[in-house]
>>> print(open('protein-v1.csv').read())   # CSV, C-alpha atoms and all ligand atoms
chain,number,residue,atom,x,y,z
P,1490,MET,CA,0.0,0.0,0.0
P,1491,GLN,CA,1.2,3.5,-0.9
P,1492,ILE,CA,2.4,6.0,1.7
P,1493,SER,CA,1.7,9.7,1.2
P,1494,ASP,CA,2.5,12.4,3.7
P,1495,ARG,CA,0.8,15.2,1.7
P,1496,ASN,CA,-1.8,15.5,4.4
P,1497,GLY,CA,0.4,15.3,7.4
P,1498,THR,CA,2.0,12.8,9.7
P,1499,VAL,CA,0.3,11.0,12.6
P,1500,GLY,CA,2.2,9.5,15.5
P,1501,PHE,CA,-0.1,6.7,16.6
P,1502,ILE,CA,0.3,5.1,20.0
P,1503,GLY,CA,-1.5,1.8,20.9
P,1504,LEU,CA,-2.3,-0.7,18.1
P,1505,GLY,CA,-4.7,-3.0,19.8
P,1506,THR,CA,-8.2,-4.1,18.7
P,1507,MET,CA,-9.2,-0.5,17.9
P,1508,GLY,CA,-6.0,1.4,17.3
P,1509,ARG,CA,-4.8,-1.1,14.6
P,1510,GLU,CA,-7.9,-0.4,12.5
P,1511,MET,CA,-7.9,3.3,13.1
P,1512,ALA,CA,-4.2,3.6,12.1
P,1513,LEU,CA,-4.9,1.7,8.9
P,1514,ASN,CA,-7.8,4.0,8.1
P,1515,LEU,CA,-5.4,7.0,8.5
P,1516,ILE,CA,-3.1,5.4,6.0
P,1517,LYS,CA,-5.9,4.8,3.6
P,1518,ALA,CA,-6.8,8.5,3.9
P,1519,GLY,CA,-3.3,9.4,2.8
P,1520,TYR,CA,-1.7,10.3,6.1
P,1521,ALA,CA,1.8,9.1,7.0
P,1522,VAL,CA,1.6,7.0,10.2
P,1523,ARG,CA,4.5,6.6,12.6
P,1524,ALA,CA,3.3,3.9,15.1
P,1525,TYR,CA,4.4,2.7,18.5
P,1526,ASP,CA,3.1,0.0,20.8
P,1527,VAL,CA,4.7,-1.8,23.7
P,1528,ARG,CA,4.0,-5.0,21.8
P,1529,LYS,CA,6.5,-5.0,19.0
P,1530,GLU,CA,4.6,-7.5,17.0
P,1531,ALA,CA,1.6,-5.2,16.9
P,1532,VAL,CA,3.7,-2.5,15.2
P,1533,GLU,CA,5.5,-4.9,12.8
P,1534,ASP,CA,2.2,-6.4,11.7
P,1535,LEU,CA,1.3,-3.0,10.1
P,1536,ILE,CA,4.6,-2.5,8.2
P,1537,PRO,CA,3.3,-4.1,5.0
P,1538,TYR,CA,0.4,-1.6,5.0
P,1539,GLY,CA,2.8,1.4,4.9
P,1540,VAL,CA,3.0,2.2,8.7
P,1541,ARG,CA,6.4,3.4,9.8
P,1542,ALA,CA,7.4,1.2,12.8
P,1543,CYS,CA,8.8,3.2,15.7
P,1544,GLU,CA,11.1,1.8,18.5
P,1545,ASP,CA,9.7,4.2,21.1
P,1546,LEU,CA,7.2,6.9,21.8
P,1547,MET,CA,9.6,9.7,21.2
P,1548,ASP,CA,10.4,8.3,17.7
P,1549,ALA,CA,6.7,8.2,16.9
P,1550,ALA,CA,6.0,11.7,18.2
P,1551,ARG,CA,9.0,13.7,17.1
P,1552,ASP,CA,8.0,14.4,13.5
P,1553,ALA,CA,4.3,14.2,13.9
P,1554,ASP,CA,1.7,16.9,13.2
P,1555,ILE,CA,-0.6,15.2,15.6
P,1556,VAL,CA,-0.2,12.3,18.1
P,1557,ILE,CA,-3.2,10.0,18.6
P,1558,SER,CA,-3.3,7.5,21.5
P,1559,MET,CA,-5.6,4.5,21.8
P,1560,LEU,CA,-4.6,2.8,25.1
P,1561,PRO,CA,-6.4,0.6,27.6
P,1562,ASP,CA,-6.8,2.9,30.6
P,1563,THR,CA,-5.8,6.1,32.4
P,1564,PRO,CA,-2.4,5.0,33.7
P,1565,GLN,CA,-1.1,4.1,30.2
P,1566,VAL,CA,-2.2,7.5,28.8
P,1567,GLU,CA,-0.6,9.2,31.8
P,1568,GLU,CA,2.6,7.3,31.1
P,1569,VAL,CA,2.5,8.5,27.5
P,1570,VAL,CA,2.1,12.1,28.7
P,1571,TYR,CA,4.1,12.3,31.9
P,1572,GLY,CA,6.6,9.4,31.4
P,1573,GLU,CA,10.4,9.9,31.1
P,1574,ASP,CA,10.2,10.2,27.3
P,1575,GLY,CA,6.5,11.4,27.4
P,1576,LEU,CA,4.8,14.0,25.3
P,1577,LEU,CA,5.4,16.7,27.8
P,1578,HIS,CA,9.1,16.3,27.3
P,1579,SER,CA,9.1,15.4,23.6
P,1580,PRO,CA,6.1,17.1,22.1
P,1581,PRO,CA,5.0,16.3,18.5
P,1582,LYS,CA,6.2,19.0,16.1
P,1583,GLY,CA,2.5,20.0,15.6
P,1584,ARG,CA,2.0,20.3,19.4
P,1585,LEU,CA,-1.4,18.6,19.1
P,1586,VAL,CA,-2.2,15.5,21.1
P,1587,VAL,CA,-5.5,13.6,20.9
P,1588,ASP,CA,-6.3,10.7,23.3
P,1589,MET,CA,-9.1,8.5,21.9
P,1590,SER,CA,-9.0,5.9,24.7
P,1591,THR,CA,-11.8,5.7,27.4
P,1592,ILE,CA,-10.2,7.2,30.5
P,1593,SER,CA,-10.9,9.3,33.6
P,1594,PRO,CA,-12.4,12.8,32.9
P,1595,VAL,CA,-10.6,14.0,36.0
P,1596,ALA,CA,-7.2,12.8,34.7
P,1597,VAL,CA,-8.1,14.3,31.3
P,1598,ARG,CA,-8.6,17.8,32.7
P,1599,ARG,CA,-5.2,17.5,34.5
P,1600,MET,CA,-3.4,16.4,31.4
P,1601,TYR,CA,-5.1,19.2,29.3
P,1602,ALA,CA,-4.0,21.8,31.8
P,1603,ASP,CA,-0.4,20.5,32.1
P,1604,LEU,CA,0.0,20.1,28.3
P,1605,LYS,CA,-1.5,23.5,27.7
P,1606,ALA,CA,1.0,25.1,30.1
P,1607,ALA,CA,3.7,23.5,27.9
P,1608,GLY,CA,2.1,24.9,24.7
P,1609,ILE,CA,0.6,21.6,23.6
P,1610,ALA,CA,-3.1,21.3,22.7
P,1611,PHE,CA,-4.9,18.3,24.0
P,1612,LEU,CA,-8.2,16.8,23.1
P,1613,ASP,CA,-10.1,13.9,24.7
P,1614,ALA,CA,-11.9,12.1,21.8
P,1615,PRO,CA,-13.2,8.7,22.9
P,1616,VAL,CA,-15.1,6.6,20.5
P,1617,SER,CA,-18.1,4.3,20.2
P,1618,GLY,CA,-18.8,1.7,17.5
P,1619,GLY,CA,-16.5,-1.1,18.4
P,1620,PRO,CA,-14.0,-3.0,16.3
P,1621,VAL,CA,-16.5,-3.0,13.3
P,1622,GLY,CA,-16.8,0.8,13.5
P,1623,ALA,CA,-13.1,1.1,13.8
P,1624,LYS,CA,-12.6,-1.1,10.7
P,1625,ASN,CA,-15.2,0.6,8.6
P,1626,ALA,CA,-14.2,4.2,9.7
P,1627,SER,CA,-17.7,4.7,11.0
P,1628,LEU,CA,-16.9,5.5,14.7
P,1629,SER,CA,-18.9,8.0,16.7
P,1630,ILE,CA,-16.2,10.4,18.1
P,1631,MET,CA,-17.1,12.6,21.1
P,1632,ILE,CA,-14.6,15.4,21.7
P,1633,GLY,CA,-13.7,17.6,24.7
P,1634,GLY,CA,-11.3,20.5,24.4
P,1635,ASP,CA,-10.6,23.8,22.7
P,1636,ARG,CA,-12.4,24.6,19.4
P,1637,ASP,CA,-9.3,25.6,17.5
P,1638,ALA,CA,-7.7,22.2,18.3
P,1639,VAL,CA,-10.9,20.4,17.3
P,1640,LEU,CA,-10.8,22.2,13.9
P,1641,ARG,CA,-7.1,21.1,13.4
P,1642,ALA,CA,-7.9,17.5,14.3
P,1643,GLU,CA,-11.1,17.2,12.4
P,1644,PRO,CA,-9.6,16.0,9.1
P,1645,TYR,CA,-8.0,13.1,11.0
P,1646,PHE,CA,-11.2,12.3,12.8
P,1647,ARG,CA,-13.0,12.2,9.4
P,1648,ALA,CA,-10.6,9.4,8.4
P,1649,MET,CA,-11.7,7.3,11.3
P,1650,GLY,CA,-15.4,8.1,12.0
P,1651,THR,CA,-18.6,9.5,10.7
P,1652,THR,CA,-20.3,11.1,13.7
P,1653,ILE,CA,-17.9,13.7,15.0
P,1654,THR,CA,-19.2,15.9,17.8
P,1655,HIS,CA,-17.4,18.5,19.8
P,1656,VAL,CA,-19.4,18.2,23.1
P,1657,GLY,CA,-17.6,20.9,25.2
P,1658,GLU,CA,-14.6,21.6,27.3
P,1659,ALA,CA,-11.8,19.2,28.2
P,1660,GLY,CA,-13.1,16.0,29.8
P,1661,SER,CA,-16.6,16.3,28.4
P,1662,GLY,CA,-15.8,13.8,25.6
P,1663,GLN,CA,-15.1,11.3,28.3
P,1664,THR,CA,-18.2,12.2,30.3
P,1665,VAL,CA,-20.4,11.5,27.2
P,1666,LYS,CA,-18.5,8.3,26.6
P,1667,LEU,CA,-19.2,7.2,30.2
P,1668,CYS,CA,-22.9,7.9,29.7
P,1669,ASN,CA,-22.7,5.8,26.5
P,1670,GLN,CA,-21.1,2.9,28.4
P,1671,LEU,CA,-23.7,2.8,31.2
P,1672,VAL,CA,-26.4,2.6,28.6
P,1673,CYS,CA,-24.6,-0.2,26.8
P,1674,ALA,CA,-23.9,-2.2,30.0
P,1675,ILE,CA,-27.5,-1.9,31.3
P,1676,ASN,CA,-28.8,-2.8,27.8
P,1677,ILE,CA,-26.6,-6.0,27.7
P,1678,GLN,CA,-27.9,-6.9,31.2
P,1679,ALA,CA,-31.5,-6.4,30.0
P,1680,ILE,CA,-30.9,-8.7,27.0
P,1681,CYS,CA,-29.3,-11.3,29.4
P,1682,GLU,CA,-32.4,-11.3,31.5
P,1683,ALA,CA,-34.8,-11.6,28.5
P,1684,LEU,CA,-32.7,-14.5,27.1
P,1685,ALA,CA,-32.5,-16.3,30.5
P,1686,LEU,CA,-36.3,-16.0,31.0
P,1687,GLY,CA,-37.0,-17.2,27.4
P,1688,ARG,CA,-34.6,-20.1,27.7
P,1689,ALA,CA,-36.0,-21.3,31.0
P,1690,SER,CA,-39.5,-21.1,29.5
P,1691,GLY,CA,-38.5,-23.2,26.5
P,1692,VAL,CA,-38.7,-20.5,23.9
P,1693,ASP,CA,-36.5,-20.6,20.8
P,1694,LEU,CA,-34.0,-17.8,21.5
P,1695,ASP,CA,-33.3,-17.0,17.8
P,1696,LYS,CA,-37.0,-16.4,17.3
P,1697,LEU,CA,-37.2,-14.4,20.5
P,1698,ARG,CA,-34.3,-12.2,19.3
P,1699,ASN,CA,-35.9,-11.7,15.9
P,1700,VAL,CA,-39.1,-10.6,17.5
P,1701,LEU,CA,-37.4,-8.1,19.8
P,1702,LEU,CA,-35.4,-6.7,16.9
P,1703,GLY,CA,-38.6,-6.0,15.0
P,1704,GLY,CA,-40.1,-4.0,17.8
P,1705,SER,CA,-39.5,-1.4,20.4
P,1706,ALA,CA,-37.0,-3.6,22.4
P,1707,ALA,CA,-34.5,-3.5,19.4
P,1708,SER,CA,-31.0,-2.3,20.1
P,1709,TRP,CA,-27.5,-2.3,18.7
P,1710,MET,CA,-26.4,-4.7,21.4
P,1711,LEU,CA,-29.2,-7.2,20.7
P,1712,ASP,CA,-28.4,-7.0,17.0
P,1713,LYS,CA,-24.6,-7.3,17.2
P,1714,LEU,CA,-24.1,-9.4,20.4
P,1715,GLY,CA,-27.3,-11.4,20.6
P,1716,PRO,CA,-26.2,-14.2,18.2
P,1717,ALA,CA,-23.0,-14.8,20.1
P,1718,MET,CA,-24.9,-14.7,23.4
P,1719,ILE,CA,-27.3,-17.4,22.2
P,1720,ALA,CA,-24.5,-19.5,20.7
P,1721,GLY,CA,-22.4,-19.3,23.8
P,1722,ASP,CA,-19.6,-17.7,21.7
P,1723,ALA,CA,-17.5,-15.6,24.1
P,1724,SER,CA,-14.7,-14.6,21.7
P,1725,ALA,CA,-13.4,-11.2,22.3
P,1726,GLY,CA,-14.6,-7.9,20.8
P,1727,PHE,CA,-15.0,-5.4,23.5
P,1728,ARG,CA,-13.6,-7.2,26.5
P,1729,ILE,CA,-15.4,-7.7,29.9
P,1730,ASP,CA,-12.3,-6.2,31.5
P,1731,LEU,CA,-12.6,-3.0,29.5
P,1732,MET,CA,-16.3,-2.6,30.4
P,1733,LEU,CA,-15.5,-3.1,34.0
P,1734,LYS,CA,-12.9,-0.3,33.8
P,1735,ASP,CA,-15.5,1.9,32.2
P,1736,LEU,CA,-18.1,1.1,34.9
P,1737,ARG,CA,-15.6,2.0,37.6
P,1738,LEU,CA,-15.0,5.4,35.9
P,1739,VAL,CA,-18.8,5.9,35.6
P,1740,GLN,CA,-19.2,5.2,39.3
P,1741,GLU,CA,-16.3,7.4,40.4
P,1742,GLN,CA,-17.8,10.3,38.5
P,1743,ALA,CA,-21.3,9.6,39.8
P,1744,LEU,CA,-20.1,9.4,43.4
P,1745,SER,CA,-18.1,12.6,43.1
P,1746,LEU,CA,-21.3,14.4,41.9
P,1747,SER,CA,-23.7,12.5,44.2
P,1748,VAL,CA,-25.7,11.1,41.3
P,1749,PRO,CA,-27.4,7.8,42.2
P,1750,LEU,CA,-27.0,5.1,39.5
P,1751,PRO,CA,-28.7,2.0,40.9
P,1752,ALA,CA,-28.9,0.1,37.7
P,1753,THR,CA,-25.2,0.7,36.9
P,1754,ALA,CA,-24.3,-0.6,40.4
P,1755,LEU,CA,-26.3,-3.8,39.7
P,1756,VAL,CA,-24.8,-4.5,36.3
P,1757,THR,CA,-21.3,-3.8,37.7
P,1758,SER,CA,-21.8,-6.7,40.1
P,1759,GLN,CA,-22.7,-9.0,37.2
P,1760,TYR,CA,-19.5,-7.9,35.4
P,1761,ILE,CA,-17.5,-8.6,38.5
P,1762,GLU,CA,-19.0,-12.1,38.8
P,1763,ALA,CA,-18.1,-12.7,35.1
P,1764,ARG,CA,-14.5,-11.6,35.6
P,1765,ALA,CA,-14.2,-13.7,38.8
P,1766,HIS,CA,-15.1,-16.7,36.6
P,1767,GLY,CA,-12.3,-16.1,34.2
P,1768,GLU,CA,-14.3,-14.1,31.6
P,1769,GLY,CA,-12.2,-10.9,31.8
P,1770,SER,CA,-10.6,-11.3,28.3
P,1771,HIS,CA,-13.9,-12.5,26.7
P,1772,GLY,CA,-16.3,-10.2,24.8
P,1773,ASN,CA,-19.2,-8.5,26.6
P,1774,GLN,CA,-21.6,-11.1,25.3
P,1775,ALA,CA,-20.0,-13.4,27.9
P,1776,LEU,CA,-22.1,-11.6,30.5
P,1777,PHE,CA,-24.9,-14.1,29.6
P,1778,ARG,CA,-22.7,-16.8,31.0
P,1779,VAL,CA,-23.4,-15.4,34.5
P,1780,TYR,CA,-27.0,-16.6,33.8
P,1781,ASP,CA,-25.7,-20.0,32.7
P,1782,ARG,CA,-24.3,-20.3,36.2
P,1783,MET,CA,-27.2,-18.7,38.0
P,1784,THR,CA,-29.7,-20.9,36.3
P,1785,ASN,CA,-27.5,-24.0,35.8
P,1786,GLN,CA,-28.2,-23.9,32.0
P,1787,THR,CA,-25.9,-23.5,29.1
P,1788,ALA,CA,-26.1,-22.4,25.5
P,1789,ALA,CA,-27.9,-24.7,23.1
P,1801,LIG,P1,-6.4,-3.2,23.5
P,1801,LIG,O1,-6.0,-3.6,24.8
P,1801,LIG,O2,-6.8,-4.2,22.4
P,1801,LIG,O3,-5.3,-2.2,22.8
P,1801,LIG,C1,-4.5,-1.4,23.6
P,1801,LIG,C2,-3.1,-1.4,23.0
P,1801,LIG,O4,-2.3,-0.4,23.7
P,1801,LIG,C3,-2.4,-2.7,23.1
P,1801,LIG,O5,-1.9,-3.1,21.8
P,1801,LIG,C4,-1.2,-2.5,24.1
P,1801,LIG,O6,-0.1,-3.3,23.8
P,1801,LIG,C5,-1.0,-1.0,23.9
P,1801,LIG,N1,-0.3,-0.4,25.0
P,1801,LIG,C6,-0.5,-0.5,26.3
P,1801,LIG,N2,0.2,0.3,27.1
P,1801,LIG,C7,1.0,1.0,26.2
P,1801,LIG,C8,2.0,2.0,26.3
P,1801,LIG,N3,2.3,2.5,27.5
P,1801,LIG,N4,2.5,2.5,25.2
P,1801,LIG,C9,2.2,2.0,23.9
P,1801,LIG,N5,1.3,1.1,23.8
P,1801,LIG,C10,0.7,0.6,24.9
P,1801,LIG,O7,-7.6,-2.2,23.7
P,1801,LIG,P2,-8.7,-1.7,22.7
P,1801,LIG,O8,-9.9,-2.7,22.6
P,1801,LIG,O9,-8.1,-1.3,21.4
P,1801,LIG,O10,-9.3,-0.4,23.4
P,1801,LIG,C11,-8.5,0.8,23.5
P,1801,LIG,C12,-9.3,1.9,24.2
P,1801,LIG,O11,-10.5,2.1,23.5
P,1801,LIG,C13,-9.8,1.5,25.6
P,1801,LIG,O12,-9.7,2.6,26.5
P,1801,LIG,C14,-11.2,1.0,25.4
P,1801,LIG,O13,-12.0,1.1,26.6
P,1801,LIG,C15,-11.6,1.9,24.3
P,1801,LIG,N6,-12.7,1.3,23.4
P,1801,LIG,C16,-12.6,0.0,23.0
P,1801,LIG,C17,-13.6,-0.5,22.2
P,1801,LIG,C18,-13.6,-1.9,21.7
P,1801,LIG,O14,-14.7,-2.4,21.2
P,1801,LIG,N7,-12.6,-2.7,21.9
P,1801,LIG,C19,-14.7,0.3,21.7
P,1801,LIG,C20,-14.6,1.7,22.1
P,1801,LIG,C21,-13.7,2.2,22.9
>>> encode(input="protein-v1.csv", output="structure tokens")
Amino acid sequence: MQISDRNGTVGFIGLGTMGREMALNLIKAGYAVRAYDVRKEAVEDLIPYGVRACEDLMDAARDADIVISMLPDTPQVEEVVYGEDGLLHSPPKGRLVVDMSTISPVAVRRMYADLKAAGIAFLDAPVSGGPVGAKNASLSIMIGGDRDAVLRAEPYFRAMGTTITHVGEAGSGQTVKLCNQLVCAINIQAICEALALGRASGVDLDKLRNVLLGGSAASWMLDKLGPAMIAGDASAGFRIDLMLKDLRLVQEQALSLSVPLPATALVTSQYIEARAHGEGSHGNQALFRVYDRMTNQTAA
């Protein structure tokens, strides 16, 4: 595949389930991508597509017009910003940093202020749409930060997503993402309950799902995760561990603002149960296995 840097150079940090596909879409859009991941094989895997493999963070950032990170959790993003060869000490030449991971809004506001004091613009731009949205460049991207930085980053966002929304000041992209996650988790829980009741009653679960999809109970989760739940296929997509991380962030924010979230608390317990039974690296559809255990039944 051809590399062109006519549109600018991206330093991309974190080539996991999501970041890999997002980096490839930036290449397809004509950007030069300099990539770094602590897993060397993740970087090397992208070399045939035109990605420049970097040995370390500094190498990826130095000549970049924008640095984009897609990392698991807050500590990894803080390491990238504050670490010994972090972006505070070796800023990209464009002095524009965009974190697209799902992390703490409180940490985001601190990073925004510290980077701004060093003359580096920072945006929080978490995403929704999963690995399929990442692959198809159809992510929904919710952005917190300064408008001029959003305008500079927008062409890059357009290479990765279709719904691009500047929701407000630094941290507000993460707040909207946390709202998104609580809706997703509670929805998965609702689907588990419906499938468990249907199964115990002897109803055909594929028919049950089709009926729900045709009416007012339809949802993205039922559409995309329902078949795997019914089949007992736990293969990863969005991992149970990552959702638990998001539910922790949701509850930290809710507690700090005294907002009661009883349904979120309940579904968090279900996720903890799933992880305790070794499901942490499985996809979110594995939440239904909690019901296998509670009802002593398994997938057909
Ligand atoms: P992932 O674990 O598959 O990928 C993370 C990558 O970051 C890994 O390749 C890991 O090696 C790398 N990494 C970790 N620490 C690093 C460091 N210090 N420097 C460089 N690389 C490092 O995770 P993912 O599924 O791609 O998710 C990434 C983020 O996006 C998470 O915050 C997640 O919550 C969020 N998210 C995921 C999905 C999804 O469906 N998977 C959807 C929306 C949002």
>>> closest_residue(input="protein-v1.csv", among="P:Arg1584, P:Arg1598, P:Arg1647, P:Lys1624", to="Ala1518 in chain P", atoms="all atoms listed in the file")
P:Arg1647
>>> closest_atom_pairs(input="protein-v1.csv", of="chain P", to="ligand LIG 1801 (chain P)", cutoff="7 Å", atoms="only C-alpha atoms and all ligand atoms", output="CSV")
residue,atom,partner,partner_atom,distance
P:Ile1502,CA,P:LIG1801,C9,5.3
P:Gly1503,CA,P:LIG1801,O4,3.6
P:Leu1504,CA,P:LIG1801,O5,4.4
P:Gly1505,CA,P:LIG1801,O3,3.2
P:Thr1506,CA,P:LIG1801,O9,3.9
P:Met1507,CA,P:LIG1801,O9,3.8
P:Gly1508,CA,P:LIG1801,O9,5.3
P:Tyr1525,CA,P:LIG1801,C9,5.9
P:Asp1526,CA,P:LIG1801,N5,3.7
P:Val1527,CA,P:LIG1801,N5,4.5
P:Arg1528,CA,P:LIG1801,O6,4.9
P:Ala1531,CA,P:LIG1801,O5,6.4
P:Met1559,CA,P:LIG1801,C11,5.0
P:Leu1560,CA,P:LIG1801,O4,4.2
P:Pro1561,CA,P:LIG1801,O12,4.0
P:Asp1562,CA,P:LIG1801,O12,5.0
P:Gln1565,CA,P:LIG1801,N3,4.6
P:Val1566,CA,P:LIG1801,N3,6.9
P:Glu1568,CA,P:LIG1801,N3,6.0
P:Val1569,CA,P:LIG1801,N3,6.0
P:Met1589,CA,P:LIG1801,O11,6.7
P:Ser1590,CA,P:LIG1801,O12,3.8
P:Thr1591,CA,P:LIG1801,O12,3.9
P:Ile1592,CA,P:LIG1801,O12,6.1
P:Pro1615,CA,P:LIG1801,C21,6.5
P:Val1616,CA,P:LIG1801,C20,5.2
P:Ser1617,CA,P:LIG1801,C20,4.8
P:Gly1618,CA,P:LIG1801,C19,6.0
P:Gly1619,CA,P:LIG1801,O14,3.6
P:Pro1620,CA,P:LIG1801,O14,5.0
P:Gly1726,CA,P:LIG1801,O14,5.5
P:Phe1727,CA,P:LIG1801,O14,3.8
P:Arg1728,CA,P:LIG1801,N7,6.5
P:Leu1731,CA,P:LIG1801,O13,5.1
P:Met1732,CA,P:LIG1801,O13,6.8
P:Asp1735,CA,P:LIG1801,O13,6.7
>>> closest_residue(input="protein-v1.csv", among="P:Leu1667, P:Val1587, P:Met1710, P:Val1672", to="Gly1633 in chain P", atoms="only C-alpha atoms")
P:Val1587
>>> atom_distance(input="protein-v1.csv", atom1="CA of Gly1634 in chain P", atom2="CA of Gly1662 in chain P")
8.2 Å
>>> atom_distance(input="protein-v1.csv", atom1="CA of Thr1652 in chain P", atom2="CA of Ala1626 in chain P")
10.0 Å
>>> closest_residue(input="protein-v1.csv", among="P:Val1700, P:Val1656, P:Ala1521, P:Ala1788", to="Met1718 in chain P", atoms="only C-alpha atoms")
P:Ala1788
>>> atom_distance(input="protein-v1.csv", atom1="CA of Gln1663 in chain P", atom2="CA of Leu1535 in chain P")
28.4 Å
>>> residues_around(input="protein-v1.csv", residues="range 1571-1582 of chain P", least_positions_apart="6", cutoff="10 Å", atoms="all atoms listed in the file", output="list in words")
Thr1498, Val1499, Gly1500, Asp1545, Leu1546, Met1547, Asp1548, Ala1549, Ala1550, Arg1551, Asp1552, Ala1553, Asp1554, Ile1555, Val1556, Pro1564, Gln1565, Met1600, Asp1603, Leu1604, Lys1605, Ala1606, Ala1607, Gly1608 and Ile1609 of chain P
>>> closest_residue(input="protein-v1.csv", among="P:Pro1537, P:Gly1497, P:Asp1693, P:Ser1770", to="Val1522 in chain P", atoms="only C-alpha atoms")
P:Gly1497
>>> residues_near_point(input="protein-v1.csv", point="(-17.2, 20.1, 24.6)", cutoff="12 Å", atoms="all atoms listed in the file", output="list in words")
Leu1612, Asp1613, Ala1614, Ile1630, Met1631, Ile1632, Gly1633, Gly1634, Asp1635, Arg1636, Asp1637, Ala1638, Val1639, Ile1653, Thr1654, His1655, Val1656, Gly1657, Glu1658, Ala1659, Gly1660, Ser1661, Gly1662, Gln1663, Thr1664 and Val1665 of chain P
>>> closest_residue(input="protein-v1.csv", among="P:Ala1648, P:Leu1671, P:Ile1719, P:Ile1557", to="Lys1517 in chain P", atoms="all atoms listed in the file")
P:Ala1648
>>> residues_around(input="protein-v1.csv", residues="Leu1686 in chain P", least_positions_apart="5", cutoff="12 Å", atoms="all atoms listed in the file", output="ChimeraX atom specification")
/P:1679-1681,1691-1694,1697,1777,1780-1781,1783-1784,1786
>>> closest_residue(input="protein-v1.csv", among="P:Ser1629, P:Asn1514, P:Gln1678, P:Ser1690", to="Tyr1538 in chain P", atoms="all atoms listed in the file")
P:Asn1514
>>> residues_around(input="protein-v1.csv", residues="Arg1764 in chain P", least_positions_apart="3", cutoff="10 Å", atoms="all atoms listed in the file", output="list in words")
Ile1729, Asp1730, Leu1733, Ser1758, Gln1759, Tyr1760, Ile1761, Gly1767, Glu1768, Gly1769, Ser1770, His1771, Ala1775, Leu1776 and Val1779 of chain P
>>> residues_around(input="protein-v1.csv", residues="Glu1741 in chain P", least_positions_apart="6", cutoff="10 Å", atoms="only C-alpha atoms", output="PyMOL selection string")
chain P and resi 1593+1595+1735+1747
>>> build_atoms(input="protein-v1.csv", residues="range 1517-1528 of chain P", atoms="N, CA, C and O atoms", output="compact mmCIF listing (two decimals), in the coordinates of the input")
# COMPACT_ATOMS: atom_id res chain seq x y z
N LYS P 1517 -5.06 4.78 4.80
CA LYS P 1517 -5.90 4.80 3.60
C LYS P 1517 -6.31 6.18 3.18
O LYS P 1517 -6.49 6.47 2.01
N ALA P 1518 -6.45 7.07 4.16
CA ALA P 1518 -6.80 8.50 3.90
C ALA P 1518 -5.67 9.28 3.35
O ALA P 1518 -5.85 10.45 3.00
N GLY P 1519 -4.48 8.70 3.33
CA GLY P 1519 -3.30 9.40 2.80
C GLY P 1519 -2.37 9.99 3.76
O GLY P 1519 -1.42 10.67 3.38
N TYR P 1520 -2.60 9.75 5.05
CA TYR P 1520 -1.70 10.30 6.10
C TYR P 1520 -0.47 9.33 6.19
O TYR P 1520 -0.60 8.12 5.98
N ALA P 1521 0.65 9.90 6.57
CA ALA P 1521 1.80 9.10 7.00
C ALA P 1521 1.59 8.73 8.44
O ALA P 1521 1.21 9.60 9.24
N VAL P 1522 1.78 7.47 8.81
CA VAL P 1522 1.60 7.00 10.20
C VAL P 1522 2.86 6.47 10.76
O VAL P 1522 3.44 5.54 10.20
N ARG P 1523 3.32 7.06 11.86
CA ARG P 1523 4.50 6.60 12.60
C ARG P 1523 3.90 5.92 13.88
O ARG P 1523 3.29 6.62 14.69
N ALA P 1524 4.05 4.61 14.03
CA ALA P 1524 3.30 3.90 15.10
C ALA P 1524 4.21 3.32 16.15
O ALA P 1524 5.32 2.86 15.86
N TYR P 1525 3.69 3.33 17.37
CA TYR P 1525 4.40 2.70 18.50
C TYR P 1525 3.41 1.97 19.38
O TYR P 1525 2.30 2.46 19.66
N ASP P 1526 3.82 0.78 19.81
CA ASP P 1526 3.10 0.00 20.80
C ASP P 1526 4.09 -0.76 21.63
O ASP P 1526 5.16 -1.12 21.12
N VAL P 1527 3.80 -0.98 22.90
CA VAL P 1527 4.70 -1.80 23.70
C VAL P 1527 4.88 -3.18 23.19
O VAL P 1527 5.88 -3.85 23.44
N ARG P 1528 3.88 -3.66 22.45
CA ARG P 1528 4.00 -5.00 21.80
C ARG P 1528 4.58 -4.79 20.43
O ARG P 1528 3.92 -4.30 19.51
